[in-house]
>>> print(open('my_file_14.cif').read())   # mmCIF, C-alpha atoms and all ligand atoms
data_work
#
loop_
_atom_site.label_atom_id
_atom_site.label_comp_id
_atom_site.auth_asym_id
_atom_site.auth_seq_id
_atom_site.Cartn_x
_atom_site.Cartn_y
_atom_site.Cartn_z
CA MET A 1 -25.48 -114.39 -19.57
CA TRP A 2 -24.58 -118.02 -18.86
CA ILE A 3 -25.54 -119.58 -15.56
CA PHE A 4 -24.15 -122.84 -14.26
CA LEU A 5 -27.10 -124.96 -13.11
CA ASN A 6 -26.37 -128.36 -11.54
CA ASP A 7 -24.22 -129.88 -14.26
CA ARG A 8 -24.08 -127.45 -17.21
CA PHE A 9 -24.11 -123.86 -18.34
CA VAL A 10 -27.51 -122.66 -19.50
CA LYS A 11 -28.79 -119.31 -20.75
CA ARG A 12 -30.18 -117.00 -18.10
CA GLU A 13 -33.76 -117.52 -19.32
CA ASP A 14 -33.34 -121.29 -19.03
CA ALA A 15 -31.84 -121.16 -15.55
CA LEU A 16 -35.01 -122.18 -13.74
CA ILE A 17 -35.51 -124.18 -10.57
CA SER A 18 -38.53 -125.89 -9.07
CA VAL A 19 -41.02 -124.20 -6.75
CA PHE A 20 -40.45 -127.30 -4.59
CA ASP A 21 -36.79 -126.45 -4.13
CA HIS A 22 -36.18 -126.30 -0.38
CA GLY A 23 -33.94 -123.28 -0.88
CA PHE A 24 -37.08 -121.46 -2.04
CA LEU A 25 -39.49 -123.08 0.41
CA TYR A 26 -37.37 -122.90 3.56
CA GLY A 27 -34.16 -121.00 2.85
CA ASP A 28 -32.48 -124.38 3.27
CA GLY A 29 -29.12 -123.94 1.62
CA ILE A 30 -25.86 -122.04 1.60
CA TYR A 31 -23.97 -119.56 -0.55
CA GLU A 32 -20.73 -117.70 -1.12
CA THR A 33 -20.05 -114.37 -2.77
CA LEU A 34 -16.71 -114.01 -4.54
CA ARG A 35 -14.99 -111.26 -6.48
CA ALA A 36 -12.65 -111.54 -9.44
CA TYR A 37 -10.16 -108.86 -10.41
CA ASP A 38 -9.23 -109.12 -14.07
CA GLY A 39 -10.32 -112.75 -14.07
CA ARG A 40 -8.49 -113.75 -10.87
CA ILE A 41 -10.50 -114.57 -7.77
CA PHE A 42 -9.84 -112.99 -4.37
CA MET A 43 -9.07 -115.52 -1.62
CA LEU A 44 -10.46 -118.39 -3.65
CA THR A 45 -9.24 -121.20 -1.39
CA GLN A 46 -10.71 -119.50 1.68
CA HIS A 47 -14.09 -118.91 0.02
CA LEU A 48 -14.26 -122.53 -1.13
CA ALA A 49 -13.26 -123.73 2.33
CA ARG A 50 -16.03 -121.61 3.88
CA LEU A 51 -18.54 -123.01 1.38
CA GLN A 52 -17.56 -126.50 2.53
CA ARG A 53 -17.81 -125.44 6.18
CA SER A 54 -21.31 -124.05 5.67
CA ALA A 55 -22.30 -127.28 3.90
CA ARG A 56 -20.88 -129.39 6.72
CA LEU A 57 -22.68 -127.34 9.35
CA ILE A 58 -26.06 -128.01 7.70
CA GLY A 59 -25.28 -131.62 6.76
CA LEU A 60 -25.27 -130.99 3.01
CA ASP A 61 -23.10 -132.87 0.53
CA ILE A 62 -22.13 -130.56 -2.30
CA PRO A 63 -22.37 -132.73 -5.42
CA ILE A 64 -19.37 -131.04 -7.11
CA PRO A 65 -15.99 -132.29 -5.88
CA GLU A 66 -13.88 -129.66 -4.12
CA LYS A 67 -11.08 -129.95 -6.68
CA ASP A 68 -13.43 -129.03 -9.56
CA TRP A 69 -14.55 -125.68 -8.16
CA PRO A 70 -11.63 -123.49 -9.31
CA SER A 71 -12.03 -124.52 -12.96
CA LEU A 72 -15.82 -124.29 -12.75
CA LEU A 73 -15.59 -120.70 -11.49
CA GLY A 74 -12.96 -119.95 -14.14
CA ASP A 75 -15.36 -121.28 -16.78
CA ALA A 76 -18.18 -119.12 -15.39
CA ILE A 77 -15.97 -116.04 -15.79
CA ALA A 78 -14.75 -117.02 -19.27
CA ARG A 79 -18.17 -118.05 -20.62
CA ASN A 80 -19.51 -114.63 -19.73
CA THR A 81 -16.36 -112.88 -21.04
CA LEU A 82 -15.87 -111.15 -17.71
CA HIS A 83 -12.80 -109.52 -16.20
CA ASP A 84 -13.89 -107.79 -13.01
CA ALA A 85 -16.63 -110.08 -11.85
CA TYR A 86 -19.08 -110.78 -9.08
CA LEU A 87 -19.64 -114.49 -8.53
CA ARG A 88 -22.27 -116.12 -6.43
CA ILE A 89 -22.34 -119.82 -5.62
CA THR A 90 -25.64 -121.09 -4.27
CA VAL A 91 -26.23 -124.65 -3.13
CA SER A 92 -29.70 -125.47 -1.90
CA ARG A 93 -30.99 -128.67 -0.36
CA GLY A 94 -32.69 -129.37 -3.69
CA THR A 95 -36.17 -130.31 -4.83
CA GLY A 96 -38.37 -132.45 -2.61
CA GLU A 97 -41.83 -132.85 -1.20
CA ILE A 98 -43.07 -130.23 1.24
CA GLY A 99 -41.68 -130.87 4.72
CA LEU A 100 -38.64 -129.86 6.71
CA ASP A 101 -36.78 -133.16 6.53
CA PRO A 102 -33.72 -132.72 4.29
CA GLY A 103 -34.12 -136.42 3.47
CA LEU A 104 -37.03 -135.39 1.21
CA CYS A 105 -34.51 -133.89 -1.21
CA PRO A 106 -32.40 -136.47 -3.03
CA LYS A 107 -30.11 -134.00 -4.82
CA PRO A 108 -28.87 -130.49 -3.95
CA THR A 109 -29.35 -127.71 -6.50
CA VAL A 110 -26.13 -125.94 -7.51
CA VAL A 111 -26.10 -122.53 -9.16
CA VAL A 112 -23.20 -120.28 -10.14
CA ILE A 113 -23.99 -116.75 -11.27
CA ALA A 114 -21.17 -114.66 -12.73
CA LYS A 115 -21.84 -111.06 -13.71
CA PRO A 116 -19.88 -107.87 -14.24
CA PHE A 117 -18.63 -106.37 -11.00
CA GLN A 118 -20.57 -103.23 -10.11
CA ALA A 119 -18.29 -100.93 -8.17
CA TYR A 120 -19.65 -98.97 -5.22
CA PRO A 121 -19.97 -95.25 -5.98
CA PRO A 122 -16.53 -93.68 -5.40
CA HIS A 123 -17.91 -90.94 -3.13
CA LEU A 124 -18.72 -93.58 -0.51
CA PHE A 125 -15.00 -94.30 -0.16
CA THR A 126 -14.05 -90.64 0.04
CA GLN A 127 -16.88 -89.47 2.30
CA GLY A 128 -17.67 -92.60 4.29
CA VAL A 129 -21.07 -94.17 4.92
CA SER A 130 -23.73 -93.67 7.58
CA LEU A 131 -24.76 -96.51 9.87
CA ILE A 132 -27.43 -97.01 12.48
CA THR A 133 -27.59 -99.53 15.27
CA THR A 134 -30.64 -101.61 14.47
CA SER A 135 -33.30 -102.82 16.87
CA VAL A 136 -33.02 -106.17 15.06
CA HIS A 137 -30.42 -108.23 16.89
CA ARG A 138 -28.07 -110.69 15.22
CA ASN A 139 -29.29 -114.28 15.32
CA LEU A 140 -28.16 -116.03 18.45
CA ALA A 141 -25.15 -118.15 17.54
CA THR A 142 -26.75 -121.03 19.43
CA ALA A 143 -29.97 -120.65 17.40
CA LEU A 144 -28.62 -120.16 13.87
CA SER A 145 -24.89 -119.78 13.74
CA PRO A 146 -23.76 -116.69 11.78
CA GLN A 147 -20.85 -118.89 10.69
CA ILE A 148 -23.24 -120.70 8.37
CA LYS A 149 -23.49 -118.52 5.27
CA SER A 150 -27.05 -119.65 4.74
CA LEU A 151 -29.87 -118.80 2.36
CA ASN A 152 -31.91 -118.10 5.47
CA PHE A 153 -31.00 -114.41 5.40
CA LEU A 154 -34.09 -112.80 6.90
CA ASN A 155 -32.25 -111.74 10.05
CA ASN A 156 -29.93 -109.55 7.99
CA ILE A 157 -32.69 -108.46 5.58
CA LEU A 158 -34.80 -107.13 8.47
CA ALA A 159 -31.82 -105.18 9.80
CA LYS A 160 -31.04 -103.83 6.32
CA GLN A 161 -34.67 -102.80 5.87
CA GLU A 162 -34.57 -100.90 9.15
CA ALA A 163 -31.32 -99.16 8.15
CA THR A 164 -32.62 -98.23 4.71
CA LYS A 165 -35.81 -96.81 6.20
CA ALA A 166 -33.67 -94.64 8.47
CA GLY A 167 -31.74 -93.39 5.44
CA ALA A 168 -28.56 -95.21 6.47
CA PHE A 169 -26.21 -97.22 4.27
CA ASP A 170 -26.39 -100.20 6.61
CA GLY A 171 -27.22 -101.34 10.12
CA ILE A 172 -25.03 -102.61 12.93
CA MET A 173 -26.61 -105.54 14.73
CA LEU A 174 -26.02 -106.22 18.41
CA ASN A 175 -26.03 -109.62 20.06
CA ALA A 176 -28.27 -110.68 22.95
CA GLU A 177 -25.79 -109.17 25.42
CA GLY A 178 -25.98 -105.81 23.63
CA ARG A 179 -22.48 -106.13 22.18
CA LEU A 180 -21.53 -105.17 18.62
CA THR A 181 -21.55 -107.98 16.06
CA GLU A 182 -21.48 -106.94 12.40
CA CYS A 183 -23.41 -105.19 9.66
CA THR A 184 -25.80 -107.01 7.37
CA THR A 185 -23.16 -108.11 4.86
CA SER A 186 -19.91 -106.86 6.34
CA ASN A 187 -17.66 -106.91 9.40
CA ILE A 188 -17.02 -103.80 11.43
CA PHE A 189 -13.71 -102.37 12.68
CA PHE A 190 -12.87 -99.30 14.69
CA VAL A 191 -9.75 -97.57 15.90
CA GLN A 192 -9.35 -96.53 19.48
CA HIS A 193 -6.14 -95.25 21.12
CA GLY A 194 -4.31 -96.34 17.99
CA ALA A 195 -5.45 -99.99 18.26
CA LEU A 196 -7.54 -101.67 15.59
CA CYS A 197 -10.53 -103.33 17.23
CA THR A 198 -13.17 -105.69 15.86
CA PRO A 199 -15.82 -107.88 17.50
CA SER A 200 -14.53 -111.38 18.17
CA VAL A 201 -16.03 -114.43 16.48
CA ALA A 202 -17.47 -115.36 19.90
CA CYS A 203 -19.74 -112.28 19.68
CA GLY A 204 -21.68 -114.13 16.96
CA ILE A 205 -20.39 -112.98 13.58
CA LEU A 206 -19.49 -114.43 10.24
CA ASP A 207 -15.70 -114.62 10.28
CA GLY A 208 -15.25 -112.59 7.13
CA ILE A 209 -12.42 -113.43 4.79
CA THR A 210 -11.65 -109.74 4.22
CA ARG A 211 -11.71 -109.27 8.00
CA GLU A 212 -8.89 -111.79 8.31
CA VAL A 213 -6.89 -110.14 5.51
CA VAL A 214 -7.27 -106.73 7.20
CA LEU A 215 -6.18 -108.11 10.57
CA THR A 216 -3.09 -109.59 8.91
CA LEU A 217 -2.28 -106.33 7.10
CA ALA A 218 -2.71 -104.34 10.31
CA ARG A 219 -0.31 -106.62 12.17
CA GLU A 220 2.17 -106.35 9.29
CA GLN A 221 1.96 -102.55 9.62
CA GLY A 222 2.80 -102.89 13.31
CA LEU A 223 -0.68 -101.91 14.49
CA LYS A 224 -2.01 -103.36 17.70
CA THR A 225 -5.13 -105.45 16.98
CA GLU A 226 -7.82 -106.53 19.39
CA GLU A 227 -10.77 -108.91 18.97
CA SER A 228 -13.17 -108.63 21.86
CA ALA A 229 -16.75 -107.79 22.94
CA TYR A 230 -17.66 -104.10 22.62
CA THR A 231 -20.67 -102.03 23.54
CA PRO A 232 -22.06 -99.52 21.02
CA GLU A 233 -20.47 -96.79 23.21
CA ALA A 234 -17.08 -97.88 21.90
CA LEU A 235 -18.05 -96.50 18.49
CA ARG A 236 -18.93 -93.13 20.08
CA GLN A 237 -15.38 -92.89 21.32
CA ALA A 238 -13.72 -94.35 18.26
CA GLU A 239 -11.28 -92.32 16.18
CA GLU A 240 -12.13 -94.20 13.00
CA CYS A 241 -14.49 -96.91 11.84
CA PHE A 242 -14.76 -99.00 8.67
CA LEU A 243 -16.50 -102.02 7.21
CA THR A 244 -15.02 -104.93 5.29
CA ASN A 245 -16.31 -107.48 2.85
CA THR A 246 -15.26 -109.13 -0.38
CA THR A 247 -17.04 -106.68 -2.67
CA MET A 248 -16.42 -103.39 -0.85
CA GLU A 249 -12.91 -104.19 0.45
CA ILE A 250 -12.54 -101.45 3.11
CA MET A 251 -15.38 -98.92 3.42
CA PRO A 252 -14.96 -95.90 5.73
CA VAL A 253 -17.80 -95.08 8.12
CA ARG A 254 -18.70 -91.41 8.51
CA ASP A 255 -21.26 -91.58 11.29
CA VAL A 256 -23.10 -94.02 13.50
CA ASP A 257 -26.57 -93.15 14.80
CA GLN A 258 -25.96 -89.60 13.54
CA HIS A 259 -22.80 -89.15 15.63
CA LEU A 260 -19.67 -88.46 13.59
CA VAL A 261 -16.92 -91.02 14.08
CA GLY A 262 -13.77 -88.99 14.75
CA SER A 263 -13.78 -86.05 12.33
CA GLY A 264 -16.19 -87.93 10.07
CA ASN A 265 -13.59 -88.11 7.32
CA PRO A 266 -11.85 -91.39 6.51
CA GLY A 267 -9.01 -91.61 9.03
CA PRO A 268 -5.31 -92.38 8.52
CA VAL A 269 -5.53 -96.03 9.63
CA THR A 270 -8.49 -96.71 7.34
CA LEU A 271 -6.79 -95.03 4.39
CA SER A 272 -3.44 -96.67 4.94
CA LEU A 273 -4.97 -100.15 5.33
CA HIS A 274 -6.97 -99.72 2.15
CA LYS A 275 -3.91 -98.44 0.29
CA GLN A 276 -1.91 -101.42 1.52
CA PHE A 277 -4.77 -103.80 0.65
CA ARG A 278 -4.76 -102.50 -2.93
CA ALA A 279 -0.98 -102.55 -3.17
CA ILE A 280 -0.63 -106.21 -2.28
CA LEU A 281 -3.95 -107.44 -3.67
CA ASP A 282 -2.09 -109.57 -6.18
CA ARG A 283 -0.89 -111.79 -3.31
CA PHE A 284 -4.53 -112.77 -2.63
CA LEU A 285 -5.63 -113.52 -6.20
CA SER A 286 -5.68 -116.85 -8.00
N1 LIG B 301 -20.74 -110.63 7.66
C1 LIG B 301 -21.80 -111.01 6.92
C2 LIG B 301 -23.11 -111.21 7.60
C3 LIG B 301 -21.67 -111.21 5.54
O1 LIG B 301 -22.74 -111.59 4.82
C4 LIG B 301 -20.41 -110.99 4.92
C5 LIG B 301 -20.22 -111.17 3.49
O2 LIG B 301 -21.12 -111.25 2.70
C6 LIG B 301 -19.34 -110.58 5.73
C7 LIG B 301 -19.53 -110.41 7.09
C8 LIG B 301 -17.98 -110.32 5.12
O3 LIG B 301 -17.41 -111.51 4.68
P1 LIG B 301 -16.29 -111.57 3.55
O4 LIG B 301 -15.19 -110.64 3.96
O5 LIG B 301 -15.84 -112.99 3.60
O6 LIG B 301 -16.91 -111.18 2.25
#
>>> encode(input="my_file_14.cif", output="C-alpha cells")
Amino acid sequence: MWIFLNDRFVKREDALISVFDHGFLYGDGIYETLRAYDGRIFMLTQHLARLQRSARLIGLDIPIPEKDWPSLLGDAIARNTLHDAYLRITVSRGTGEIGLDPGLCPKPTVVVIAKPFQAYPPHLFTQGVSLITTSVHRNLATALSPQIKSLNFLNNILAKQEATKAGAFDGIMLNAEGRLTECTTSNIFFVQHGALCTPSVACGILDGITREVVLTLAREQGLKTEESAYTPEALRQAEECFLTNTTMEIMPVRDVDQHLVGSGNPGPVTLSLHKQFRAILDRFLS
C-alpha cells in the first residue's frame, strides 16, 4: 500500500508522522472521504471544494494547489492498482511545539490514503438498518460548526459508541432545540405524505454531498422536497427513512428506537431513488 505523505508516496510502514503533530495532539485538522467507482471519483469537484471550505473555516492553508488534487488522487488510485476505492484526504495543522496556537506549526501535514472499497453487507440494503436517537447531542453550530469536516470527531464518536452499545447501526443526534440533525457519518431523510424531508443545514448538519445529489434526483422525479426542522416524532410518523453518504449511497432504515419505520421494509421512494442514483451515477464521476 502506497500512502501520499506531504510531498511523495511512501510505503505504508514508512508513512509516519510526529507525536507533536497537532492533528494528533488536538484534533486540529480537516479531512474528506471520497469514493471511486472503477477508478473514477464521485463528485470530485464538490469534495475538493468542501476540503477547501473546511480549511478556510479553520484558517489553514493547504500546501497543495487546488489544481493538483485531481491528478494526485488519480495517482493514489493508480499506485495502489485500485478500481473501486476508498480515499481519505487528511490535512492537519502540522508539527509544532505543544500549545494551541496554530502559529506553532509552520507546515500542515498532508496524507492521502487509498484502499480497496469495502462494500457494506448487501443485507443492510435489503433489510434496512436500526437507529437510535442518542443522548449525545450534535455539536452546537456556534461552538464547532458541523460544516467543518474536522479531525475533532469526538462528538460523533461518542454518539456512535452509544449506538453500538445499544446494538444499533448508528445514532441520530439532536440539536440543542431537540430537533433532528444527522447520524454520525451520514445525513438522514424521511418520507411523509409523499414528500421527501431532511433536516435543513440551519439545524446544524454537515451539508452532505450525497444529500445534495439525492435532493436533486428527488426533484427530477417530481417528488416534493422539504428541508426544515423536525422533532424525533416526525420519524415515528414517517412512511420511509434512509441515510446518505458517499460510501453507503442510500441506506434504508428499518427502525428507529425500536419502532418500525412504515412497514420496516425499504419503501418505494427509497428504492426508486437508489435505483435512479445507480442508473445515472456516471454523470457524477470524474
Ligand atoms: N454527516 C456527517 C457528520 C458526515 O461525516 C458525513 C460524511 O462522512 C455526511 C453527513 C455525509 O456526507 P457526504 O454525503 O458528503 O459523504
>>> closest_residue(input="my_file_14.cif", among="A:Lys275, A:Arg8, A:Lys107, A:Arg138", to="ligand LIG 301 (chain B)", atoms="all atoms listed in the file")
A:Arg138
>>> residues_near_ligand(input="my_file_14.cif", ligand="ligand LIG 301 (chain B)", cutoff="9 Å", atoms="all atoms listed in the file", output="PyMOL selection string")
chain A and resi 32-35+43+46-47+50+146-147+149+153+156+181-188+205-213+243-249
>>> residues_near_point(input="my_file_14.cif", point="(-20.7, -120.0, -11.6)", cutoff="7 Å", atoms="only C-alpha atoms", output="PDB file with C-alpha atoms, in the coordinates of the input")
ATOM      1  CA  ILE A   3     -25.540-119.580 -15.560  1.00  0.00           C
ATOM      2  CA  PHE A   4     -24.150-122.840 -14.260  1.00  0.00           C
ATOM      3  CA  LEU A  72     -15.820-124.290 -12.750  1.00  0.00           C
ATOM      4  CA  LEU A  73     -15.590-120.700 -11.490  1.00  0.00           C
ATOM      5  CA  ALA A  76     -18.180-119.120 -15.390  1.00  0.00           C
ATOM      6  CA  LEU A  87     -19.640-114.490  -8.530  1.00  0.00           C
ATOM      7  CA  ARG A  88     -22.270-116.120  -6.430  1.00  0.00           C
ATOM      8  CA  ILE A  89     -22.340-119.820  -5.620  1.00  0.00           C
ATOM      9  CA  VAL A 111     -26.100-122.530  -9.160  1.00  0.00           C
ATOM     10  CA  VAL A 112     -23.200-120.280 -10.140  1.00  0.00           C
ATOM     11  CA  ILE A 113     -23.990-116.750 -11.270  1.00  0.00           C
ATOM     12  CA  ALA A 114     -21.170-114.660 -12.730  1.00  0.00           C
TER      13      ALA A 114
END
>>> residues_around(input="my_file_14.cif", residues="segment 221-238 of chain A", least_positions_apart="3", cutoff="6 Å", atoms="only C-alpha atoms", output="PDB file with C-alpha atoms, in the coordinates of the input")
ATOM      1  CA  ARG A 179     -22.480-106.130  22.180  1.00  0.00           C
ATOM      2  CA  LEU A 180     -21.530-105.170  18.620  1.00  0.00           C
ATOM      3  CA  VAL A 191      -9.750 -97.570  15.900  1.00  0.00           C
ATOM      4  CA  GLN A 192      -9.350 -96.530  19.480  1.00  0.00           C
ATOM      5  CA  ALA A 195      -5.450 -99.990  18.260  1.00  0.00           C
ATOM      6  CA  LEU A 196      -7.540-101.670  15.590  1.00  0.00           C
ATOM      7  CA  CYS A 197     -10.530-103.330  17.230  1.00  0.00           C
ATOM      8  CA  THR A 198     -13.170-105.690  15.860  1.00  0.00           C
ATOM      9  CA  PRO A 199     -15.820-107.880  17.500  1.00  0.00           C
ATOM     10  CA  SER A 200     -14.530-111.380  18.170  1.00  0.00           C
ATOM     11  CA  ALA A 218      -2.710-104.340  10.310  1.00  0.00           C
TER      12      ALA A 218
END
>>> atom_distance(input="my_file_14.cif", atom1="atom CA of Leu285 of chain A", atom2="atom CA of Asn152 of chain A")
29.1 Å
>>> atom_distance(input="my_file_14.cif", atom1="atom CA of Gly99 of chain A", atom2="atom CA of Ser150 of chain A")
18.4 Å
>>> atom_distance(input="my_file_14.cif", atom1="atom CA of Asp28 of chain A", atom2="atom CA of Gln161 of chain A")
21.8 Å
>>> axis_aligned_box(input="my_file_14.cif", around="segment 178-189 of chain A", padding_each_side="3 Å", output="JSON")
{"center_x": -19.8, "center_y": -105.2, "center_z": 14.2, "size_x": 18.3, "size_y": 11.7, "size_z": 24.8}
>>> closest_atom_pairs(input="my_file_14.cif", of="segment 71-144 of chain A", to="segment 13-20 of chain A", cutoff="7 Å", atoms="all atoms listed in the file", output="tab-separated table")
residue	atom	partner	partner_atom	distance
A:Thr95	CA	A:Phe20	CA	5.2
A:Gly96	CA	A:Phe20	CA	5.9
A:Glu97	CA	A:Phe20	CA	6.6
>>> closest_residue(input="my_file_14.cif", among="A:His22, A:Arg53, A:His83, A:His123", to="Cys105 of chain A", atoms="all atoms listed in the file")
A:His22
>>> closest_residue(input="my_file_14.cif", among="A:Phe190, A:Phe24, A:Phe9, A:Phe169", to="Leu131 of chain A", atoms="only C-alpha atoms")
A:Phe169
>>> closest_residue(input="my_file_14.cif", among="A:Val256, A:Ala141, A:Leu60, A:Ala49", to="Gly204 of chain A", atoms="only C-alpha atoms")
A:Ala141
>>> residues_around(input="my_file_14.cif", residues="Ile41 of chain A", least_positions_apart="3", cutoff="10 Å", atoms="only C-alpha atoms", output="short mmCIF file (atom, residue, chain, number, x, y, z; two decimals) with C-alpha atoms, keeping the file's coordinate frame")
data_model
loop_
_atom_site.label_atom_id
_atom_site.label_comp_id
_atom_site.auth_asym_id
_atom_site.auth_seq_id
_atom_site.Cartn_x
_atom_site.Cartn_y
_atom_site.Cartn_z
CA LEU A 34 -16.71 -114.01 -4.54
CA ARG A 35 -14.99 -111.26 -6.48
CA ALA A 36 -12.65 -111.54 -9.44
CA TYR A 37 -10.16 -108.86 -10.41
CA ASP A 38 -9.23 -109.12 -14.07
CA LEU A 44 -10.46 -118.39 -3.65
CA THR A 45 -9.24 -121.20 -1.39
CA HIS A 47 -14.09 -118.91 0.02
CA PRO A 70 -11.63 -123.49 -9.31
CA LEU A 73 -15.59 -120.70 -11.49
CA GLY A 74 -12.96 -119.95 -14.14
CA ILE A 77 -15.97 -116.04 -15.79
CA ASP A 84 -13.89 -107.79 -13.01
CA ALA A 85 -16.63 -110.08 -11.85
CA TYR A 86 -19.08 -110.78 -9.08
CA LEU A 87 -19.64 -114.49 -8.53
CA ASP A 282 -2.09 -109.57 -6.18
CA PHE A 284 -4.53 -112.77 -2.63
CA LEU A 285 -5.63 -113.52 -6.20
CA SER A 286 -5.68 -116.85 -8.00
#
>>> residues_around(input="my_file_14.cif", residues="His274 of chain A", least_positions_apart="4", cutoff="9 Å", atoms="only C-alpha atoms", output="number ranges by chain")
A: 214, 249-251, 269-270, 278-279
